[in-house]
Amino acid sequence: MRALFLCLAVAALPLSAQEIAPVSGIPLETNAGSDIGYVFEAWLSPHQEGGEEEDTPAFIPSMFKSTAPSVARNDRPSRGHGTLSFTKDFSKAYAHVATEGVNPEDIAMFHIHCGRPGQLGPIIVDFGLKNDLPSLFDDGVLSLEITNEDIVATKDHGHGLVAAFTAGCPITPAVPLDKVVTVAGMAQIAFERELYFNLHTYGQMFFGDIRGQLHPKSK
């Protein structure tokens, strides 16, 4: 009887790792993490901006105010099309953006922000920290790699109360000072459809000249 119980107990033990069949059916490739995985797409236009430049609040610091004549959204010819792609292991991301109707010399800032459509959200990537934007857009196209270090540099760039709410995106809205520091964290915001490109010119500083909400690329 004891021998029978022992046999039944052994039979009930889980199979070893070598004996368990693959459950996903997907071949495992540890060297494929650097391949492109998810891709998000945005069509930039003035019509996605949340207001006119004349609506800029008076208390906003001068660095966020226009220093050149502004043009109403309906009258601006500027447009753009961009993608944000992530490697499968979320070690890097790549921004690829083309613009039309924008004078490169008028470009003051270009960012990736987190926020819902129409919402002015904080900056998660500031492309102007390490680059001369007019030169980058000289041929109307920007192509840049984004790493964890770029996200951390943007988060740490500003100082003071204003920067606490404009530099770096919160991991969860409930804890605004706990900021995203990885490409994987930025991808999570993209999956939530709360990531957008915003190109600012000297005449359209506060809201930006053209904006594009990022969505999963349609086939």
# chains A, B, ... in the order shown; residues from 1 in each chain; ligands from 1
$ closest_atom_pairs --of "stretch 139-207 of chain A" --to "stretch 29-51 of chain A" --cutoff "10 Å" --atoms "only C-alpha atoms" --output "tab-separated table"
residue	atom	partner	partner_atom	distance
A:Ala187	CA	A:Tyr38	CA	8.7
A:Ala190	CA	A:Phe40	CA	7.6
A:Phe191	CA	A:Phe40	CA	8.8
A:Arg193	CA	A:Phe40	CA	9.3
A:Leu195	CA	A:Phe40	CA	9.7
A:Tyr196	CA	A:Ala42	CA	7.6
A:Phe197	CA	A:Leu44	CA	7.5
A:Asn198	CA	A:Leu44	CA	8.0
A:Leu199	CA	A:Leu44	CA	8.8
A:Gln204	CA	A:Pro46	CA	9.9
A:Phe206	CA	A:Gly51	CA	9.2
A:Phe207	CA	A:Glu49	CA	6.0
$ select_by_dssp --residues "chain A" --states "strand (DSSP E or B)" --output "ChimeraX atom specification"
/A:36-45,79-87,93-100,107-114,123-126,141-146,167,170,179,195-201,204,210-213,215-216
$ residues_around --residues "A:Asp156" --least-positions-apart "3" --cutoff "8 Å" --atoms "only C-alpha atoms" --output "VMD selection string"
chain A and resid 152 to 153 159 167 to 168
$ write_last_selection --atoms "N, CA, C and O atoms" --output "PDB file, in the first residue's frame"
ATOM      1  N   VAL A 152      16.301  60.672 -19.003  1.00  0.00           N
ATOM      2  CA  VAL A 152      16.777  61.156 -17.704  1.00  0.00           C
ATOM      3  C   VAL A 152      17.295  62.589 -17.827  1.00  0.00           C
ATOM      4  O   VAL A 152      17.035  63.432 -16.957  1.00  0.00           O
ATOM      5  N   ALA A 153      18.018  62.894 -18.919  1.00  0.00           N
ATOM      6  CA  ALA A 153      18.551  64.246 -19.117  1.00  0.00           C
ATOM      7  C   ALA A 153      17.435  65.271 -19.223  1.00  0.00           C
ATOM      8  O   ALA A 153      17.534  66.384 -18.690  1.00  0.00           O
ATOM      9  N   HIS A 159      14.907  73.136 -13.413  1.00  0.00           N
ATOM     10  CA  HIS A 159      15.012  73.288 -11.966  1.00  0.00           C
ATOM     11  C   HIS A 159      13.880  74.189 -11.468  1.00  0.00           C
ATOM     12  O   HIS A 159      13.373  75.028 -12.196  1.00  0.00           O
ATOM     13  N   ALA A 167       9.094  69.121 -16.817  1.00  0.00           N
ATOM     14  CA  ALA A 167      10.197  68.258 -17.230  1.00  0.00           C
ATOM     15  C   ALA A 167      10.010  66.859 -16.651  1.00  0.00           C
ATOM     16  O   ALA A 167       9.983  66.684 -15.436  1.00  0.00           O
ATOM     17  N   GLY A 168       9.868  65.885 -17.538  1.00  0.00           N
ATOM     18  CA  GLY A 168       9.677  64.514 -17.093  1.00  0.00           C
ATOM     19  C   GLY A 168       8.216  64.166 -16.924  1.00  0.00           C
ATOM     20  O   GLY A 168       7.415  64.999 -16.485  1.00  0.00           O
TER      21      GLY A 168
END
$ residues_around --residues "A:Cys114" --least-positions-apart "5" --cutoff "7 Å" --atoms "only C-alpha atoms" --output "list in words"
Gly121, Pro122, Ile123, Ile124, Cys169, Glu194, Leu195 and Tyr196 of chain A
$ write_last_selection --atoms "N, CA and C atoms" --output "compact mmCIF listing (two decimals), in the first residue's frame"
# COMPACT_ATOMS: atom_id res chain seq x y z
N GLY A 121 0.92 68.63 -21.81
CA GLY A 121 1.56 67.75 -20.85
C GLY A 121 3.05 68.02 -20.73
N PRO A 122 3.70 67.44 -19.73
CA PRO A 122 5.14 67.64 -19.54
C PRO A 122 5.96 66.97 -20.64
N ILE A 123 7.23 67.32 -20.68
CA ILE A 123 8.15 66.87 -21.73
C ILE A 123 8.89 65.61 -21.27
N ILE A 124 8.89 64.58 -22.10
CA ILE A 124 9.63 63.37 -21.77
C ILE A 124 10.93 63.27 -22.58
N CYS A 169 7.87 62.94 -17.29
CA CYS A 169 6.48 62.48 -17.21
C CYS A 169 6.30 61.52 -16.04
N GLU A 194 -1.15 58.38 -24.89
CA GLU A 194 -1.00 59.67 -24.23
C GLU A 194 0.41 60.23 -24.43
N LEU A 195 0.90 60.10 -25.68
CA LEU A 195 2.21 60.61 -26.05
C LEU A 195 2.05 61.40 -27.34
N TYR A 196 2.73 62.54 -27.45
CA TYR A 196 2.58 63.33 -28.67
C TYR A 196 3.85 64.11 -29.01
$ residues_around --residues "stretch 174-181 of chain A" --least-positions-apart "4" --cutoff "9 Å" --atoms "only C-alpha atoms" --output "PyMOL selection string"
chain A and resi 124+148-152+155+164-165+168-170+185-186
$ atom_distance --atom1 "atom CA of A:Leu28" --atom2 "atom CA of A:Lys88"
12.8 Å
$ atom_distance --atom1 "atom CA of A:Ala68" --atom2 "atom CA of A:Thr201"
8.6 Å
$ atom_distance --atom1 "atom CA of A:Gly140" --atom2 "atom CA of A:Val125"
19.6 Å
$ residues_around --residues "A:Asp132" --least-positions-apart "5" --cutoff "12 Å" --atoms "only C-alpha atoms" --output "number ranges by chain"
A: 104-105, 107-110, 126-127, 137-138, 142
$ closest_residue --among "A:Thr166, A:Asn131, A:Ser24, A:Gln213" --to "A:Glu145" --atoms "only C-alpha atoms"
A:Asn131
$ select_by_dssp --residues "stretch 43-167 of chain A" --states "helix (DSSP H, G or I)" --output "PyMOL selection string"
chain A and resi 46-48+53-55+62-64+73-75+104-106+133-136+148-157+160-166
$ decode --residues "stretch 114-128 of chain A" --atoms "all heavy atoms" --output "PDB file, in the first residue's frame"
ATOM      1  N   CYS A 114       3.971  63.961 -22.841  1.00  0.00           N
ATOM      2  CA  CYS A 114       2.916  63.028 -22.446  1.00  0.00           C
ATOM      3  C   CYS A 114       1.662  63.843 -22.130  1.00  0.00           C
ATOM      4  O   CYS A 114       1.733  64.877 -21.469  1.00  0.00           O
ATOM      5  CB  CYS A 114       3.334  62.172 -21.262  1.00  0.00           C
ATOM      6  SG  CYS A 114       4.001  63.071 -19.852  1.00  0.00           S
ATOM      7  N   GLY A 115       0.541  63.386 -22.643  1.00  0.00           N
ATOM      8  CA  GLY A 115      -0.715  64.085 -22.421  1.00  0.00           C
ATOM      9  C   GLY A 115      -1.779  63.606 -23.384  1.00  0.00           C
ATOM     10  O   GLY A 115      -1.470  63.065 -24.456  1.00  0.00           O
ATOM     11  N   ARG A 116      -3.010  63.776 -22.995  1.00  0.00           N
ATOM     12  CA  ARG A 116      -4.126  63.407 -23.855  1.00  0.00           C
ATOM     13  C   ARG A 116      -4.341  64.478 -24.918  1.00  0.00           C
ATOM     14  O   ARG A 116      -3.837  65.592 -24.791  1.00  0.00           O
ATOM     15  CB  ARG A 116      -5.394  63.224 -23.014  1.00  0.00           C
ATOM     16  CG  ARG A 116      -5.288  62.080 -22.013  1.00  0.00           C
ATOM     17  CD  ARG A 116      -6.585  61.862 -21.273  1.00  0.00           C
ATOM     18  NE  ARG A 116      -6.495  60.713 -20.368  1.00  0.00           N
ATOM     19  CZ  ARG A 116      -7.525  60.215 -19.708  1.00  0.00           C
ATOM     20  NH1 ARG A 116      -8.734  60.775 -19.830  1.00  0.00           N
ATOM     21  NH2 ARG A 116      -7.368  59.167 -18.921  1.00  0.00           N
ATOM     22  N   PRO A 117      -5.101  64.166 -25.980  1.00  0.00           N
ATOM     23  CA  PRO A 117      -5.349  65.168 -27.021  1.00  0.00           C
ATOM     24  C   PRO A 117      -5.889  66.471 -26.428  1.00  0.00           C
ATOM     25  O   PRO A 117      -6.815  66.466 -25.616  1.00  0.00           O
ATOM     26  CB  PRO A 117      -6.394  64.481 -27.912  1.00  0.00           C
ATOM     27  CG  PRO A 117      -6.113  63.025 -27.748  1.00  0.00           C
ATOM     28  CD  PRO A 117      -5.711  62.857 -26.308  1.00  0.00           C
ATOM     29  N   GLY A 118      -5.279  67.577 -26.838  1.00  0.00           N
ATOM     30  CA  GLY A 118      -5.702  68.889 -26.365  1.00  0.00           C
ATOM     31  C   GLY A 118      -5.105  69.295 -25.036  1.00  0.00           C
ATOM     32  O   GLY A 118      -5.227  70.447 -24.629  1.00  0.00           O
ATOM     33  N   GLN A 119      -4.456  68.354 -24.352  1.00  0.00           N
ATOM     34  CA  GLN A 119      -3.863  68.639 -23.042  1.00  0.00           C
ATOM     35  C   GLN A 119      -2.397  69.009 -23.218  1.00  0.00           C
ATOM     36  O   GLN A 119      -1.677  68.384 -23.983  1.00  0.00           O
ATOM     37  CB  GLN A 119      -3.972  67.395 -22.157  1.00  0.00           C
ATOM     38  CG  GLN A 119      -3.347  67.547 -20.772  1.00  0.00           C
ATOM     39  CD  GLN A 119      -3.389  66.241 -19.985  1.00  0.00           C
ATOM     40  OE1 GLN A 119      -3.077  65.174 -20.527  1.00  0.00           O
ATOM     41  NE2 GLN A 119      -3.789  66.303 -18.740  1.00  0.00           N
ATOM     42  N   LEU A 120      -1.955  70.061 -22.499  1.00  0.00           N
ATOM     43  CA  LEU A 120      -0.546  70.416 -22.485  1.00  0.00           C
ATOM     44  C   LEU A 120       0.142  69.604 -21.394  1.00  0.00           C
ATOM     45  O   LEU A 120      -0.062  69.844 -20.203  1.00  0.00           O
ATOM     46  CB  LEU A 120      -0.364  71.918 -22.219  1.00  0.00           C
ATOM     47  CG  LEU A 120      -0.645  72.851 -23.390  1.00  0.00           C
ATOM     48  CD1 LEU A 120      -0.541  74.301 -22.945  1.00  0.00           C
ATOM     49  CD2 LEU A 120       0.315  72.590 -24.538  1.00  0.00           C
ATOM     50  N   GLY A 121       0.921  68.631 -21.805  1.00  0.00           N
ATOM     51  CA  GLY A 121       1.564  67.750 -20.846  1.00  0.00           C
ATOM     52  C   GLY A 121       3.049  68.018 -20.731  1.00  0.00           C
ATOM     53  O   GLY A 121       3.636  68.743 -21.536  1.00  0.00           O
ATOM     54  N   PRO A 122       3.699  67.445 -19.733  1.00  0.00           N
ATOM     55  CA  PRO A 122       5.139  67.640 -19.542  1.00  0.00           C
ATOM     56  C   PRO A 122       5.961  66.974 -20.641  1.00  0.00           C
ATOM     57  O   PRO A 122       5.460  66.160 -21.420  1.00  0.00           O
ATOM     58  CB  PRO A 122       5.397  67.008 -18.174  1.00  0.00           C
ATOM     59  CG  PRO A 122       4.281  66.040 -17.980  1.00  0.00           C
ATOM     60  CD  PRO A 122       3.095  66.626 -18.681  1.00  0.00           C
ATOM     61  N   ILE A 123       7.232  67.324 -20.679  1.00  0.00           N
ATOM     62  CA  ILE A 123       8.151  66.868 -21.730  1.00  0.00           C
ATOM     63  C   ILE A 123       8.886  65.614 -21.268  1.00  0.00           C
ATOM     64  O   ILE A 123       9.478  65.604 -20.184  1.00  0.00           O
ATOM     65  CB  ILE A 123       9.167  67.966 -22.064  1.00  0.00           C
ATOM     66  CG1 ILE A 123       8.452  69.252 -22.484  1.00  0.00           C
ATOM     67  CG2 ILE A 123      10.129  67.512 -23.151  1.00  0.00           C
ATOM     68  CD1 ILE A 123       9.345  70.487 -22.436  1.00  0.00           C
ATOM     69  N   ILE A 124       8.886  64.579 -22.103  1.00  0.00           N
ATOM     70  CA  ILE A 124       9.632  63.368 -21.772  1.00  0.00           C
ATOM     71  C   ILE A 124      10.931  63.267 -22.579  1.00  0.00           C
ATOM     72  O   ILE A 124      11.897  62.671 -22.130  1.00  0.00           O
ATOM     73  CB  ILE A 124       8.758  62.113 -21.962  1.00  0.00           C
ATOM     74  CG1 ILE A 124       9.428  60.890 -21.311  1.00  0.00           C
ATOM     75  CG2 ILE A 124       8.442  61.865 -23.419  1.00  0.00           C
ATOM     76  CD1 ILE A 124       8.514  59.685 -21.181  1.00  0.00           C
ATOM     77  N   VAL A 125      10.961  63.868 -23.782  1.00  0.00           N
ATOM     78  CA  VAL A 125      12.191  63.937 -24.583  1.00  0.00           C
ATOM     79  C   VAL A 125      12.301  65.335 -25.168  1.00  0.00           C
ATOM     80  O   VAL A 125      11.388  65.800 -25.854  1.00  0.00           O
ATOM     81  CB  VAL A 125      12.202  62.903 -25.726  1.00  0.00           C
ATOM     82  CG1 VAL A 125      13.468  63.073 -26.569  1.00  0.00           C
ATOM     83  CG2 VAL A 125      12.123  61.485 -25.182  1.00  0.00           C
ATOM     84  N   ASP A 126      13.430  65.992 -24.892  1.00  0.00           N
ATOM     85  CA  ASP A 126      13.714  67.322 -25.443  1.00  0.00           C
ATOM     86  C   ASP A 126      14.823  67.156 -26.481  1.00  0.00           C
ATOM     87  O   ASP A 126      15.990  66.961 -26.146  1.00  0.00           O
ATOM     88  CB  ASP A 126      14.157  68.269 -24.331  1.00  0.00           C
ATOM     89  CG  ASP A 126      14.366  69.695 -24.820  1.00  0.00           C
ATOM     90  OD1 ASP A 126      14.425  69.908 -26.050  1.00  0.00           O
ATOM     91  OD2 ASP A 126      14.478  70.604 -23.972  1.00  0.00           O
ATOM     92  N   PHE A 127      14.449  67.233 -27.758  1.00  0.00           N
ATOM     93  CA  PHE A 127      15.416  67.012 -28.822  1.00  0.00           C
ATOM     94  C   PHE A 127      16.417  68.161 -28.952  1.00  0.00           C
ATOM     95  O   PHE A 127      17.441  68.029 -29.623  1.00  0.00           O
ATOM     96  CB  PHE A 127      14.691  66.816 -30.157  1.00  0.00           C
ATOM     97  CG  PHE A 127      13.892  65.548 -30.229  1.00  0.00           C
ATOM     98  CD1 PHE A 127      12.514  65.568 -30.130  1.00  0.00           C
ATOM     99  CD2 PHE A 127      14.526  64.327 -30.385  1.00  0.00           C
ATOM    100  CE1 PHE A 127      11.772  64.397 -30.200  1.00  0.00           C
ATOM    101  CE2 PHE A 127      13.793  63.145 -30.452  1.00  0.00           C
ATOM    102  CZ  PHE A 127      12.419  63.180 -30.361  1.00  0.00           C
ATOM    103  N   GLY A 128      16.122  69.292 -28.315  1.00  0.00           N
ATOM    104  CA  GLY A 128      17.019  70.440 -28.411  1.00  0.00           C
ATOM    105  C   GLY A 128      18.135  70.443 -27.387  1.00  0.00           C
ATOM    106  O   GLY A 128      19.015  71.306 -27.438  1.00  0.00           O
TER     107      GLY A 128
END
